[in-house]
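Okay, so here's the structure we're looking at.
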Amino acid sequence: MLAIAKKLGLTRTAGESTLMFRRRVQTAAEQEALALVPDATVRAAFKDPPIVQELDQDLIVYRQWGNRAAESGRWFSPQPYSSPARARPYLALPNGITAANTTAFRLPAGTKVLVGRAAPQTGTIGFGSYAVGGGDQICLPDPTAAVRIP
Amino acid sequence: MKVSTARIRRLIAKAEAESVLRGSQGYVPDVINTLRVMEAALGAPREERKKITSGLGRLVTDDEPLLQSELGLEVLKVAEDFRKY
């Protein structure tokens, strides 16, 4: 979480533990961004409540896809995984995603994202016992904001 | 709004019809399975209901055609109501 927070330019507030980051009061624009994705149902995919952030600089992210998952979408990770066997558990990917492919995307500065750790989905319908979660993930309320890197 | 058996069954029927149209693409079959479990768990403790629907948002939002459809939005609405009530 520390690495992704640093990458996203989040600041740590004095007195908070190393894993706690200051959460700004949501602006109207951020509330609007959240409204683009169903609230509670999407938040349930995060282990803890996600941080809503407007990027202050471009960010390169990675999407693991294949089989039922298309190349473009709303879910990304801030770093690539070395193999599907690593991506699938940490990102708690659904059974239908093989993660056989990885595509890099650029999220332009100003893009609104939800950031946090993947919730465990073991025992959940549509997920396997491998889906332990814990990996850093990014949800993009507006998927058209992601620019595929050739 | 409280979720009833009739409401879930109507949604299952709609999802099954959609599944025939879409074939093996996307997550509609998993959504149908989740709805069936939800139907059986009406009246279960809240924590159990939350667990049942915890993956549904991830599934639906990773299937853009489903998310943009009337069915997808209805599934998410029912899931939220199911978690709450």
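Chain labels A, B, ... are given in the sequence in which chains occur in the structure tokens; within each chain residues are numbered consecutively from 1, and ligands are likewise numbered from 1 in the order shown.
Look at A:Ala145: the protein and nucleic acid residues within 7 Å of it, using only C-alpha atoms and passing over chain neighbours fewer than 3 places away, are Leu107, Thr111 and Asp142 of chain A.
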Exercise for the section: Could the residues of chain A within 12 Å of chain B, counting only C-alpha atoms, be given as number ranges by chain, please? Expected result: A: 36-47, 63-76, 91-97, 118-128, 131, 133, 137-144
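Inside stretch 42-90 of chain A, the residues DSSP reads as helix (DSSP H, G or I) when given the backbone are A:Val42, A:Arg43, A:Pro84, A:Ala85, A:Arg86, A:Ala87, A:Arg88, A:Pro89, A:Tyr90.
For the atom pair formed by atom CA of A:Ala100 and atom CA of B:Gly23, the distance is 21.6 Å, given to one decimal.
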Got a sec: who's within 12 Å of A:Ser82, counting only C-alpha atoms, leaving out chain neighbours fewer than 3 positions off, as a short mmCIF file (atom, residue, chain, number, x, y, z; two decimals) with N, CA and C atoms, in the first residue's frame?
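Full text of selection08.cif as output:
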data_model
loop_
_atom_site.label_atom_id
_atom_site.label_comp_id
_atom_site.auth_asym_id
_atom_site.auth_seq_id
_atom_site.Cartn_x
_atom_site.Cartn_y
_atom_site.Cartn_z
N TYR A 62 -1.66 -1.62 -15.25
CA TYR A 62 -1.64 -2.87 -16.01
C TYR A 62 -2.97 -3.60 -15.81
N GLN A 64 -4.75 -7.31 -16.32
CA GLN A 64 -4.60 -8.74 -16.58
C GLN A 64 -5.93 -9.23 -17.15
N GLN A 79 1.16 -2.41 -10.79
CA GLN A 79 2.39 -3.04 -11.29
C GLN A 79 2.02 -4.32 -12.03
N ALA A 85 -0.26 -17.01 -12.45
CA ALA A 85 -0.34 -17.71 -11.17
C ALA A 85 -0.13 -16.77 -9.99
N ARG A 86 0.51 -15.65 -10.24
CA ARG A 86 0.69 -14.66 -9.17
C ARG A 86 -0.44 -13.61 -9.21
N ALA A 87 -0.84 -13.23 -10.41
CA ALA A 87 -1.87 -12.19 -10.54
C ALA A 87 -3.23 -12.67 -10.02
N ARG A 88 -3.60 -13.89 -10.37
CA ARG A 88 -4.96 -14.35 -10.05
C ARG A 88 -5.24 -14.37 -8.55
N TYR A 90 -3.55 -12.75 -5.94
CA TYR A 90 -3.38 -11.46 -5.24
C TYR A 90 -4.44 -10.44 -5.66
N ALA A 99 -5.93 -14.25 -16.94
CA ALA A 99 -4.77 -13.36 -16.74
C ALA A 99 -3.60 -13.80 -17.60
N ALA A 100 -3.89 -14.49 -18.68
CA ALA A 100 -2.82 -14.95 -19.58
C ALA A 100 -2.20 -13.77 -20.32
N ASN A 101 -2.91 -12.66 -20.39
CA ASN A 101 -2.41 -11.48 -21.10
C ASN A 101 -2.34 -10.30 -20.14
N THR A 102 -1.36 -9.46 -20.38
CA THR A 102 -1.25 -8.21 -19.62
C THR A 102 -1.07 -7.06 -20.60
#
Handout entry: Interatomic distance (Å, one decimal) between atom CA of B:Arg36 and atom CA of B:Lys2
Key = 16.6 Å
Handout entry: strand (DSSP E or B) per DSSP on the backbone: members of stretch 73-115 of chain A, as a list in words
Key = Trp75, Phe76, Ser77, Ile97, Thr98, Ala99, Ala100, Asn101, Thr102, Thr103, Ala104, Phe105, Arg106, Leu107, Lys112, Val113, Leu114 and Val115 of chain A
Output N, CA and C atoms for every residue in the selection just made, as an mmCIF file, in the first residue's frame.
data_model
loop_
_atom_site.group_PDB
_atom_site.id
_atom_site.type_symbol
_atom_site.label_atom_id
_atom_site.label_comp_id
_atom_site.auth_asym_id
_atom_site.auth_seq_id
_atom_site.Cartn_x
_atom_site.Cartn_y
_atom_site.Cartn_z
ATOM 1 N N TRP A 75 -10.699 -2.452 -14.242
ATOM 2 C CA TRP A 75 -9.862 -2.919 -13.140
ATOM 3 C C TRP A 75 -8.412 -3.067 -13.581
ATOM 4 N N PHE A 76 -7.516 -2.528 -12.790
ATOM 5 C CA PHE A 76 -6.096 -2.512 -13.126
ATOM 6 C C PHE A 76 -5.271 -2.763 -11.866
ATOM 7 N N SER A 77 -3.984 -3.023 -12.108
ATOM 8 C CA SER A 77 -3.046 -3.058 -10.980
ATOM 9 C C SER A 77 -1.944 -2.048 -11.265
ATOM 10 N N ILE A 97 -11.289 -15.139 -15.549
ATOM 11 C CA ILE A 97 -10.142 -14.372 -16.041
ATOM 12 C C ILE A 97 -8.892 -15.222 -15.915
ATOM 13 N N THR A 98 -8.315 -15.549 -17.052
ATOM 14 C CA THR A 98 -7.104 -16.370 -17.023
ATOM 15 C C THR A 98 -5.874 -15.543 -16.672
ATOM 16 N N ALA A 99 -5.933 -14.246 -16.938
ATOM 17 C CA ALA A 99 -4.774 -13.356 -16.742
ATOM 18 C C ALA A 99 -3.600 -13.799 -17.604
ATOM 19 N N ALA A 100 -3.889 -14.489 -18.679
ATOM 20 C CA ALA A 100 -2.825 -14.946 -19.582
ATOM 21 C C ALA A 100 -2.196 -13.767 -20.322
ATOM 22 N N ASN A 101 -2.912 -12.664 -20.391
ATOM 23 C CA ASN A 101 -2.409 -11.484 -21.096
ATOM 24 C C ASN A 101 -2.335 -10.295 -20.139
ATOM 25 N N THR A 102 -1.364 -9.465 -20.380
ATOM 26 C CA THR A 102 -1.245 -8.209 -19.616
ATOM 27 C C THR A 102 -1.068 -7.061 -20.600
ATOM 28 N N THR A 103 -1.841 -6.019 -20.428
ATOM 29 C CA THR A 103 -1.709 -4.838 -21.279
ATOM 30 C C THR A 103 -1.485 -3.618 -20.390
ATOM 31 N N ALA A 104 -0.537 -2.784 -20.803
ATOM 32 C CA ALA A 104 -0.263 -1.551 -20.061
ATOM 33 C C ALA A 104 -1.156 -0.432 -20.589
ATOM 34 N N PHE A 105 -1.635 0.388 -19.685
ATOM 35 C CA PHE A 105 -2.470 1.548 -20.038
ATOM 36 C C PHE A 105 -1.904 2.783 -19.335
ATOM 37 N N ARG A 106 -2.144 3.929 -19.919
ATOM 38 C CA ARG A 106 -1.794 5.191 -19.277
ATOM 39 C C ARG A 106 -3.084 5.866 -18.814
ATOM 40 N N LEU A 107 -3.113 6.214 -17.551
ATOM 41 C CA LEU A 107 -4.235 6.995 -17.021
ATOM 42 C C LEU A 107 -3.768 8.447 -16.951
ATOM 43 N N LYS A 112 -9.991 10.180 -12.324
ATOM 44 C CA LYS A 112 -10.412 9.806 -10.977
ATOM 45 C C LYS A 112 -10.373 8.289 -10.835
ATOM 46 N N VAL A 113 -9.782 7.823 -9.755
ATOM 47 C CA VAL A 113 -9.631 6.381 -9.553
ATOM 48 C C VAL A 113 -10.009 6.009 -8.111
ATOM 49 N N LEU A 114 -10.320 4.741 -7.933
ATOM 50 C CA LEU A 114 -10.482 4.167 -6.601
ATOM 51 C C LEU A 114 -9.301 3.226 -6.396
ATOM 52 N N VAL A 115 -8.625 3.370 -5.289
ATOM 53 C CA VAL A 115 -7.401 2.619 -5.035
ATOM 54 C C VAL A 115 -7.510 1.877 -3.713
#
